[in-house]
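Containing PDB, C-alpha atoms: my_file_17.pdb.
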ATOM      1  CA  MET A 573       0.000   0.000   0.000
ATOM      2  CA  SER A 574       1.360   3.378  -1.001
ATOM      3  CA  GLU A 575       0.417   6.646   0.637
ATOM      4  CA  VAL A 576       0.468   9.694  -1.603
ATOM      5  CA  ASN A 577      -0.474  13.129  -0.240
ATOM      6  CA  GLY A 578      -2.266  11.329   2.584
ATOM      7  CA  CYS A 579      -4.248   9.167   0.137
ATOM      8  CA  LEU A 580      -4.004   5.378   0.227
ATOM      9  CA  LEU A 581      -3.256   3.640  -3.085
ATOM     10  CA  PRO A 582      -2.867  -0.164  -3.141
ATOM     11  CA  ASP A 583       0.100  -1.210  -5.250
ATOM     12  CA  ASP A 584      -1.672  -4.058  -7.059
ATOM     13  CA  LEU A 585      -4.423  -2.087  -8.815
ATOM     14  CA  TRP A 586      -4.839  -0.360 -12.138
ATOM     15  CA  TYR A 587      -5.770   3.335 -11.927
ATOM     16  CA  TRP A 588      -7.319   6.003 -14.078
ATOM     17  CA  PRO A 589      -5.835   8.933 -12.142
ATOM     18  CA  GLN A 590      -7.762  11.683 -13.892
ATOM     19  CA  LYS A 591     -11.058  10.055 -12.917
ATOM     20  CA  HIS A 592     -10.065   8.563  -9.556
ATOM     21  CA  VAL A 593     -11.265   5.056 -10.324
ATOM     22  CA  TRP A 594      -9.463   1.750  -9.828
ATOM     23  CA  VAL A 595      -9.602  -1.618 -11.542
ATOM     24  CA  ARG A 596      -8.675  -4.979 -10.056
ATOM     25  CA  GLY A 597      -7.972  -7.893 -12.369
ATOM     26  CA  PRO A 598      -8.489  -9.377 -14.804
ATOM     27  CA  GLU A 599      -9.545 -12.438 -12.844
ATOM     28  CA  ASP A 600      -9.378 -15.982 -14.214
ATOM     29  CA  ASP A 601     -12.667 -15.541 -16.062
ATOM     30  CA  GLY A 602     -11.491 -12.259 -17.583
ATOM     31  CA  ALA A 603     -13.713 -10.091 -15.409
ATOM     32  CA  VAL A 604     -12.492  -6.988 -13.584
ATOM     33  CA  VAL A 605     -13.722  -5.256 -10.455
ATOM     34  CA  ILE A 606     -14.093  -1.463 -10.399
ATOM     35  CA  GLY A 607     -14.345   1.079  -7.625
ATOM     36  CA  ILE A 608     -13.427   4.618  -6.687
ATOM     37  CA  THR A 609     -10.153   5.484  -5.024
ATOM     38  CA  ASP A 610      -9.466   6.795  -1.563
ATOM     39  CA  VAL A 611      -8.892  10.122  -3.279
ATOM     40  CA  ALA A 612     -12.397  10.147  -4.724
ATOM     41  CA  GLN A 613     -14.138   9.193  -1.512
ATOM     42  CA  ASN A 614     -12.136  11.848   0.301
ATOM     43  CA  LEU A 615     -13.114  14.520  -2.193
ATOM     44  CA  ALA A 616     -16.749  13.431  -2.158
ATOM     45  CA  GLY A 617     -17.225  13.490   1.591
ATOM     46  CA  LYS A 618     -19.761  11.224   3.245
ATOM     47  CA  ILE A 619     -21.490   9.360   0.429
ATOM     48  CA  VAL A 620     -25.220   9.004   1.058
ATOM     49  CA  VAL A 621     -26.613   7.667  -2.241
ATOM     50  CA  VAL A 622     -25.212   5.275  -4.854
ATOM     51  CA  ASN A 623     -26.751   4.599  -8.250
ATOM     52  CA  LEU A 624     -25.193   1.879 -10.391
ATOM     53  CA  LYS A 625     -26.006   0.703 -13.905
ATOM     54  CA  THR A 626     -27.684  -2.685 -13.771
ATOM     55  CA  PRO A 627     -26.121  -6.049 -14.712
ATOM     56  CA  GLY A 628     -26.427  -6.768 -18.410
ATOM     57  CA  LYS A 629     -25.792  -3.176 -19.454
ATOM     58  CA  VAL A 630     -22.895  -2.648 -21.828
ATOM     59  CA  LEU A 631     -20.835   0.380 -20.875
ATOM     60  CA  ALA A 632     -18.530   2.321 -23.166
ATOM     61  CA  GLN A 633     -15.152   3.398 -21.867
ATOM     62  CA  GLY A 634     -15.425   6.763 -20.175
ATOM     63  CA  LYS A 635     -19.195   6.664 -19.961
ATOM     64  CA  SER A 636     -21.034   6.677 -16.679
ATOM     65  CA  ALA A 637     -21.307   3.484 -14.656
ATOM     66  CA  GLY A 638     -23.418   5.307 -12.113
ATOM     67  CA  THR A 639     -23.460   8.249  -9.757
ATOM     68  CA  LEU A 640     -22.494   9.001  -6.187
ATOM     69  CA  GLU A 641     -24.239  11.624  -4.096
ATOM     70  CA  SER A 642     -23.023  13.214  -0.906
ATOM     71  CA  GLY A 643     -25.560  15.785   0.162
ATOM     72  CA  LYS A 644     -25.443  18.611  -2.344
ATOM     73  CA  TRP A 645     -22.636  17.086  -4.445
ATOM     74  CA  VAL A 646     -23.194  14.512  -7.186
ATOM     75  CA  GLY A 647     -20.537  12.908  -9.357
ATOM     76  CA  SER A 648     -20.343  10.219 -11.971
ATOM     77  CA  ILE A 649     -18.416   6.957 -11.887
ATOM     78  CA  PRO A 650     -16.609   6.896 -15.243
ATOM     79  CA  THR A 651     -16.204   3.427 -16.743
ATOM     80  CA  PRO A 652     -12.460   2.750 -16.952
ATOM     81  CA  VAL A 653     -12.770  -0.139 -19.391
ATOM     82  CA  ALA A 654     -15.620  -0.905 -21.798
ATOM     83  CA  GLY A 655     -17.652  -4.013 -21.198
ATOM     84  CA  GLU A 656     -20.757  -5.686 -19.823
ATOM     85  CA  VAL A 657     -21.791  -5.200 -16.224
ATOM     86  CA  LEU A 658     -21.783  -8.654 -14.629
ATOM     87  CA  ALA A 659     -22.610  -7.670 -11.077
ATOM     88  CA  ILE A 660     -23.006  -4.668  -8.829
ATOM     89  CA  ASN A 661     -22.302  -4.352  -5.134
ATOM     90  CA  GLU A 662     -25.761  -4.323  -3.564
ATOM     91  CA  SER A 663     -24.240  -3.707  -0.149
ATOM     92  CA  VAL A 664     -23.059  -0.224  -1.013
ATOM     93  CA  LYS A 665     -26.506   0.701  -2.301
ATOM     94  CA  SER A 666     -28.034  -0.001   1.080
ATOM     95  CA  ASN A 667     -25.053   1.323   3.017
ATOM     96  CA  PRO A 668     -23.098   3.839   0.888
ATOM     97  CA  ALA A 669     -20.766   4.734   3.763
ATOM     98  CA  ILE A 670     -18.939   1.461   3.069
ATOM     99  CA  ILE A 671     -17.348   3.262   0.128
ATOM    100  CA  ASN A 672     -15.873   5.838   2.498
ATOM    101  CA  ASP A 673     -14.743   3.226   4.986
ATOM    102  CA  ASP A 674     -13.274   0.622   2.625
ATOM    103  CA  PRO A 675     -13.062   1.905  -0.974
ATOM    104  CA  TYR A 676     -10.790  -0.935  -2.146
ATOM    105  CA  GLY A 677     -12.497  -3.812  -0.372
ATOM    106  CA  GLU A 678     -16.117  -3.991   0.723
ATOM    107  CA  GLY A 679     -16.739  -0.729  -1.106
ATOM    108  CA  TRP A 680     -16.185  -2.105  -4.610
ATOM    109  CA  LEU A 681     -18.850  -0.964  -7.083
ATOM    110  CA  ILE A 682     -19.228  -3.060 -10.233
ATOM    111  CA  ARG A 683     -17.838  -6.210 -11.846
ATOM    112  CA  VAL A 684     -17.372  -5.954 -15.614
ATOM    113  CA  ARG A 685     -16.454  -8.310 -18.438
ATOM    114  CA  PRO A 686     -14.131  -6.153 -20.592
ATOM    115  CA  GLU A 687     -14.681  -6.113 -24.339
ATOM    116  CA  ASP A 688     -10.972  -5.604 -24.959
ATOM    117  CA  TRP A 689      -8.848  -5.541 -21.846
ATOM    118  CA  ALA A 690      -5.572  -5.212 -23.735
ATOM    119  CA  GLY A 691      -6.747  -2.174 -25.641
ATOM    120  CA  GLY A 692      -8.857  -0.670 -22.883
ATOM    121  CA  SER A 693      -6.166  -0.862 -20.245
ATOM    122  CA  GLU A 694      -4.004   1.478 -22.300
ATOM    123  CA  TRP A 695      -6.009   4.267 -20.633
ATOM    124  CA  LEU A 696      -4.887   2.996 -17.232
ATOM    125  CA  VAL A 697      -1.688   2.905 -15.223
ATOM    126  CA  ASN A 698      -0.380   0.370 -12.722
ATOM    127  CA  GLY A 699       2.620  -0.635 -10.684
ATOM    128  CA  SER A 700       5.145   1.845  -9.347
ATOM    129  CA  ASP A 701       4.862   3.929 -12.522
ATOM    130  CA  GLY A 702       1.135   4.070 -11.977
ATOM    131  CA  ILE A 703       1.488   5.276  -8.411
ATOM    132  CA  GLU A 704       3.902   7.963  -9.593
ATOM    133  CA  ALA A 705       1.510   9.011 -12.337
ATOM    134  CA  TYR A 706      -1.241   9.314  -9.752
ATOM    135  CA  ARG A 707       1.101  11.321  -7.510
ATOM    136  CA  SER A 708       1.744  13.749 -10.365
ATOM    137  CA  GLN A 709      -1.985  14.124 -10.891
ATOM    138  CA  LEU A 710      -2.612  14.865  -7.204
ATOM    139  CA  ASP A 711       0.275  17.319  -7.033
ATOM    140  CA  ALA A 712      -0.903  19.115 -10.157
ATOM    141  CA  GLN A 713      -4.370  19.541  -8.675
ATOM    142  CA  GLY A 714      -3.146  20.240  -5.155
ATOM    143  CA  ILE A 715      -5.168  17.349  -3.737
ATOM    144  CA  GLN A 716      -4.472  16.151  -0.212
ATOM    145  CA  CYS A 717      -6.542  13.510   1.566
ATOM    146  CA  GLN A 718      -7.794  14.363   5.048
ATOM    147  CA  ARG A 719      -7.889  11.723   7.776
TER     148      ARG A 719
ATOM    149  CA  MET B 374     -27.899  -4.573 -23.990
ATOM    150  CA  ALA B 375     -26.371  -1.306 -25.127
ATOM    151  CA  GLU B 376     -26.772   1.876 -23.166
ATOM    152  CA  GLU B 377     -29.775   4.003 -24.063
ATOM    153  CA  THR B 378     -29.613   7.775 -23.914
ATOM    154  CA  LYS B 379     -32.848   9.417 -22.863
ATOM    155  CA  LYS B 380     -33.937  13.026 -23.032
ATOM    156  CA  TYR B 381     -34.803  14.643 -19.719
ATOM    157  CA  LEU B 382     -36.483  18.046 -19.681
ATOM    158  CA  TYR B 383     -36.805  20.068 -16.484
ATOM    159  CA  LEU B 384     -39.272  22.943 -16.602
ATOM    160  CA  VAL B 385     -38.545  25.444 -13.835
ATOM    161  CA  THR B 386     -41.273  27.940 -12.950
ATOM    162  CA  HIS B 387     -40.245  29.381  -9.547
ATOM    163  CA  GLY B 388     -37.561  31.986  -8.983
ATOM    164  CA  THR B 389     -35.871  34.012  -6.306
ATOM    165  CA  GLU B 390     -39.100  34.345  -4.335
ATOM    166  CA  THR B 391     -38.698  30.715  -3.222
ATOM    167  CA  PRO B 392     -34.985  29.971  -2.732
ATOM    168  CA  GLU B 393     -35.764  26.601  -1.139
ATOM    169  CA  ARG B 394     -37.196  25.407  -4.458
ATOM    170  CA  SER B 395     -34.282  26.548  -6.575
ATOM    171  CA  ALA B 396     -31.569  23.907  -6.066
ATOM    172  CA  SER B 397     -33.469  20.649  -6.618
ATOM    173  CA  PRO B 398     -34.111  21.019 -10.349
ATOM    174  CA  PHE B 399     -30.438  21.747 -10.952
ATOM    175  CA  PHE B 400     -29.463  18.743  -8.844
ATOM    176  CA  LEU B 401     -31.803  16.375 -10.676
ATOM    177  CA  ALA B 402     -30.700  17.674 -14.047
ATOM    178  CA  THR B 403     -27.099  17.108 -12.995
ATOM    179  CA  THR B 404     -27.728  13.495 -12.029
ATOM    180  CA  ALA B 405     -29.367  12.824 -15.389
ATOM    181  CA  ALA B 406     -26.411  14.315 -17.246
ATOM    182  CA  LEU B 407     -23.963  12.295 -15.171
ATOM    183  CA  MET B 408     -25.800   9.139 -16.171
ATOM    184  CA  ASP B 409     -25.045  10.160 -19.774
ATOM    185  CA  HIS B 410     -28.581  11.247 -20.564
ATOM    186  CA  GLU B 411     -29.403  14.432 -22.458
ATOM    187  CA  SER B 412     -30.422  16.852 -19.759
ATOM    188  CA  THR B 413     -32.076  20.195 -20.481
ATOM    189  CA  MET B 414     -33.559  22.843 -18.223
ATOM    190  CA  VAL B 415     -35.981  25.534 -19.354
ATOM    191  CA  PHE B 416     -36.671  28.549 -17.171
ATOM    192  CA  THR B 417     -40.009  30.291 -17.421
ATOM    193  CA  ILE B 418     -42.308  32.570 -15.434
ATOM    194  CA  THR B 419     -40.268  33.843 -12.440
ATOM    195  CA  ALA B 420     -37.602  31.106 -12.667
ATOM    196  CA  THR B 421     -35.681  33.248 -15.115
ATOM    197  CA  SER B 422     -34.776  35.486 -12.179
ATOM    198  CA  LEU B 423     -32.479  32.694 -10.930
ATOM    199  CA  LEU B 424     -30.230  33.201 -13.937
ATOM    200  CA  LYS B 425     -29.702  36.931 -13.593
ATOM    201  CA  LYS B 426     -26.060  37.823 -13.183
ATOM    202  CA  GLY B 427     -25.098  38.243  -9.541
ATOM    203  CA  VAL B 428     -28.139  36.408  -8.177
ATOM    204  CA  ALA B 429     -26.920  32.839  -7.711
ATOM    205  CA  GLU B 430     -23.874  33.862  -5.669
ATOM    206  CA  ASN B 431     -26.109  35.481  -3.094
ATOM    207  CA  LEU B 432     -29.129  33.190  -3.108
ATOM    208  CA  TYR B 433     -28.978  30.852  -0.115
ATOM    209  CA  ILE B 434     -31.076  27.704  -0.367
ATOM    210  CA  LYS B 435     -31.921  27.786   3.335
ATOM    211  CA  ASP B 436     -32.382  30.890   5.415
ATOM    212  CA  THR B 437     -31.134  29.261   8.597
ATOM    213  CA  GLY B 438     -28.006  27.349   9.513
ATOM    214  CA  GLU B 439     -25.241  26.428   7.118
ATOM    215  CA  SER B 440     -26.422  26.724   3.529
ATOM    216  CA  SER B 441     -25.035  26.593   0.039
ATOM    217  CA  THR B 442     -25.728  29.218  -2.517
ATOM    218  CA  LEU B 443     -27.449  28.428  -5.779
ATOM    219  CA  LYS B 444     -24.178  29.041  -7.616
ATOM    220  CA  PHE B 445     -22.806  25.701  -6.385
ATOM    221  CA  PHE B 446     -25.699  23.847  -8.002
ATOM    222  CA  ILE B 447     -25.575  25.830 -11.236
ATOM    223  CA  ASP B 448     -21.817  25.271 -11.575
ATOM    224  CA  GLN B 449     -22.264  21.560 -10.886
ATOM    225  CA  ALA B 450     -24.964  21.306 -13.533
ATOM    226  CA  ARG B 451     -22.929  23.181 -16.123
ATOM    227  CA  GLU B 452     -19.887  21.025 -15.467
ATOM    228  CA  ALA B 453     -21.997  17.908 -15.976
ATOM    229  CA  GLY B 454     -23.205  19.195 -19.335
ATOM    230  CA  VAL B 455     -26.738  20.312 -18.510
ATOM    231  CA  ARG B 456     -28.129  22.744 -21.087
ATOM    232  CA  LEU B 457     -29.991  25.858 -19.951
ATOM    233  CA  PHE B 458     -32.686  27.588 -21.972
ATOM    234  CA  VAL B 459     -34.823  30.594 -21.151
ATOM    235  CA  CYS B 460     -38.410  31.197 -22.168
ATOM    236  CA  ALA B 461     -38.517  34.371 -24.253
ATOM    237  CA  PRO B 462     -41.619  36.055 -22.750
ATOM    238  CA  SER B 463     -40.257  35.507 -19.244
ATOM    239  CA  LEU B 464     -37.446  37.959 -19.952
ATOM    240  CA  ASP B 465     -39.893  40.844 -20.028
ATOM    241  CA  LEU B 466     -41.779  39.470 -17.022
ATOM    242  CA  ASN B 467     -38.524  39.574 -15.066
ATOM    243  CA  ASN B 468     -37.542  43.008 -16.418
ATOM    244  CA  CYS B 469     -34.380  41.790 -18.088
ATOM    245  CA  THR B 470     -32.788  40.857 -21.394
ATOM    246  CA  VAL B 471     -30.672  37.836 -22.201
ATOM    247  CA  GLU B 472     -27.610  40.032 -21.714
ATOM    248  CA  ASP B 473     -28.563  40.366 -18.044
ATOM    249  CA  LEU B 474     -28.338  36.583 -17.556
ATOM    250  CA  ILE B 475     -25.465  34.206 -16.982
ATOM    251  CA  GLU B 476     -24.476  32.258 -20.078
ATOM    252  CA  VAL B 477     -27.364  30.177 -21.395
ATOM    253  CA  ASP B 478     -27.660  27.848 -24.365
ATOM    254  CA  GLY B 479     -30.532  29.678 -25.942
ATOM    255  CA  VAL B 480     -33.864  31.435 -25.751
ATOM    256  CA  VAL B 481     -36.984  29.536 -26.719
ATOM    257  CA  GLY B 482     -40.562  30.523 -27.436
ATOM    258  CA  GLY B 483     -43.739  28.690 -26.642
ATOM    259  CA  THR B 484     -43.769  26.596 -29.790
ATOM    260  CA  ALA B 485     -40.209  25.435 -29.284
ATOM    261  CA  LEU B 486     -40.887  24.569 -25.659
ATOM    262  CA  ASN B 487     -43.877  22.469 -26.634
ATOM    263  CA  GLU B 488     -41.746  20.658 -29.165
ATOM    264  CA  MET B 489     -38.994  20.056 -26.626
ATOM    265  CA  ALA B 490     -41.531  18.563 -24.234
ATOM    266  CA  ALA B 491     -43.070  16.398 -26.933
ATOM    267  CA  ASP B 492     -39.627  15.163 -27.926
ATOM    268  CA  ALA B 493     -38.471  14.381 -24.383
ATOM    269  CA  ASP B 494     -38.687  10.978 -22.738
ATOM    270  CA  VAL B 495     -39.167  12.527 -19.313
ATOM    271  CA  VAL B 496     -40.535  15.953 -18.376
ATOM    272  CA  MET B 497     -40.394  17.220 -14.803
ATOM    273  CA  THR B 498     -41.883  20.493 -13.672
ATOM    274  CA  PHE B 499     -40.770  22.476 -10.661
TER     275      PHE B 499
END

Take the structure from the file and write it as structure tokens.
Amino acid sequence: MSEVNGCLLPDDLWYWPQKHVWVRGPEDDGAVVIGITDVAQNLAGKIVVVNLKTPGKVLAQGKSAGTLESGKWVGSIPTPVAGEVLAINESVKSNPAIINDDPYGEGWLIRVRPEDWAGGSEWLVNGSDGIEAYRSQLDAQGIQCQR
Amino acid sequence: MAEETKKYLYLVTHGTETPERSASPFFLATTAALMDHESTMVFTITATSLLKKGVAENLYIKDTGESSTLKFFIDQAREAGVRLFVCAPSLDLNNCTVEDLIEVDGVVGGTALNEMAADADVVMTF
């Protein structure tokens, strides 16, 4: 686990730093799991409502996989890799605060079967280079996570 | 099942006389846009007063306790891609011209508004 500007970033994930979403996988069946980063949940504040596209929907890369609401703020969950929604995390719909408490674990959002992981993942970064890319993004925007 | 884009139209009819009514239509329009739907707001009757320059920064949604101004909700909607239109006759009703308003996407008359409503998948009125 890396800590960048006070934000926690697991070392084994793919990231889309500009959109503050993470991707875990692909798993043995090719599916990936998607969520928002510690940075995103920190910026959002206490999340009170989660809307997620339903299983079976086919999402284009960059399009919305759902929305998060925290009082007066609402933001989208950009799809980091195109594909079909296989499952959504029903737990976070009934208890959105899980996303704040555990954004990389119990707070995962959707499970997707990528159309083209090799091509789609070119938008993403991972490993130590990925963490550094995310650091650059946070520094450029002056983002610091509060604990 | 591919994603389907729908057209949402929000017709706003109340203005600065009821600040507590002003934020919700912007918020709903924002959520629609963030779900990749086409989201349009039309301001008519006194609602046009919400778009006058200098108003949103000073219009508090609640008159007690900690409150946001309308500007937060307008900025959020614009950033999400919500389009804003003004009903032409309402300009005179609110003693202003389009130059007195924040940037909008256009001015529409009654016929155009009817057509927008007929063309929309969802129409909500506030």

Would you list the contacts of range 700-717 of chain A as a PyMOL selection string, taking every protein, DNA or RNA residue within 6 Å and counting all atoms listed in the file, but skipping same-chain residues closer than 5 positions in sequence?
chain A and resi 577-579+589+614

Using all atoms listed in the file and a cut-off of 6 Å, which residues of chain A sit close to chain B? Please list them as a list in words.
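Using all atoms listed in the file, chain A residues at most 6 Å from chain B: Lys629, Val630, Ser636 and Ser648 of chain A.
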
Could you tell me which residues the PyMOL selection byres ((chain B and resi 467) around 12) grabs in this file, written as a PyMOL selection string?
chain B and resi 387-390+416-425+459-466+468-471+473-474

Write the residues of the preceding selection, restricted to C-alpha atoms, as a tab-separated table (two decimals), in the frame of the given file.
chain	number	residue	atom	x	y	z
B	387	HIS	CA	-40.24	29.38	-9.55
B	388	GLY	CA	-37.56	31.99	-8.98
B	389	THR	CA	-35.87	34.01	-6.31
B	390	GLU	CA	-39.10	34.34	-4.34
B	416	PHE	CA	-36.67	28.55	-17.17
B	417	THR	CA	-40.01	30.29	-17.42
B	418	ILE	CA	-42.31	32.57	-15.43
B	419	THR	CA	-40.27	33.84	-12.44
B	420	ALA	CA	-37.60	31.11	-12.67
B	421	THR	CA	-35.68	33.25	-15.12
B	422	SER	CA	-34.78	35.49	-12.18
B	423	LEU	CA	-32.48	32.69	-10.93
B	424	LEU	CA	-30.23	33.20	-13.94
B	425	LYS	CA	-29.70	36.93	-13.59
B	459	VAL	CA	-34.82	30.59	-21.15
B	460	CYS	CA	-38.41	31.20	-22.17
B	461	ALA	CA	-38.52	34.37	-24.25
B	462	PRO	CA	-41.62	36.06	-22.75
B	463	SER	CA	-40.26	35.51	-19.24
B	464	LEU	CA	-37.45	37.96	-19.95
B	465	ASP	CA	-39.89	40.84	-20.03
B	466	LEU	CA	-41.78	39.47	-17.02
B	468	ASN	CA	-37.54	43.01	-16.42
B	469	CYS	CA	-34.38	41.79	-18.09
B	470	THR	CA	-32.79	40.86	-21.39
B	471	VAL	CA	-30.67	37.84	-22.20
B	473	ASP	CA	-28.56	40.37	-18.04
B	474	LEU	CA	-28.34	36.58	-17.56

Show me the residues close to (-26.1, 13.6, -7.0) - anything with an atom within 8 Å, counting only C-alpha atoms - and format the list as a CSV table (one decimal) with C-alpha atoms, in the coordinates of the input.
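New file point.csv:
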chain,number,residue,atom,x,y,z
A,621,VAL,CA,-26.6,7.7,-2.2
A,639,THR,CA,-23.5,8.2,-9.8
A,640,LEU,CA,-22.5,9.0,-6.2
A,641,GLU,CA,-24.2,11.6,-4.1
A,642,SER,CA,-23.0,13.2,-0.9
A,643,GLY,CA,-25.6,15.8,0.2
A,644,LYS,CA,-25.4,18.6,-2.3
A,645,TRP,CA,-22.6,17.1,-4.4
A,646,VAL,CA,-23.2,14.5,-7.2
A,647,GLY,CA,-20.5,12.9,-9.4
B,400,PHE,CA,-29.5,18.7,-8.8
B,401,LEU,CA,-31.8,16.4,-10.7
B,403,THR,CA,-27.1,17.1,-13.0
B,404,THR,CA,-27.7,13.5,-12.0

Figure out the distance between CA of Trp680 in chain A and CA of Leu624 in chain A, please, to one decimal in Å.
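CA of Trp680 in chain A lies 11.4 Å from CA of Leu624 in chain A.
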
Step by step, gather every atom of range 695-708 of chain A that the file lists, find the box along x, y and z that holds them, add 3 Å on each side, and finally give centre and edge lengths in Å to one decimal, as AutoDock Vina command-line options.
--center_x -0.4 --center_y 6.6 --center_z -14.1 --size_x 17.2 --size_y 20.4 --size_z 19.1

Kindly give the distance, in Å, that separates CA of Asp436 in chain B and CA of Pro398 in chain B, rounded to a single decimal.
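We find that CA of Asp436 in chain B and CA of Pro398 in chain B lie 18.7 Å from each other.
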
Quick one: distance from CA of Trp586 in chain A to CA of Asn698 in chain A in Å, one decimal?
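Spanning CA of Trp586 in chain A to CA of Asn698 in chain A is a straight-line distance of 4.6 Å.
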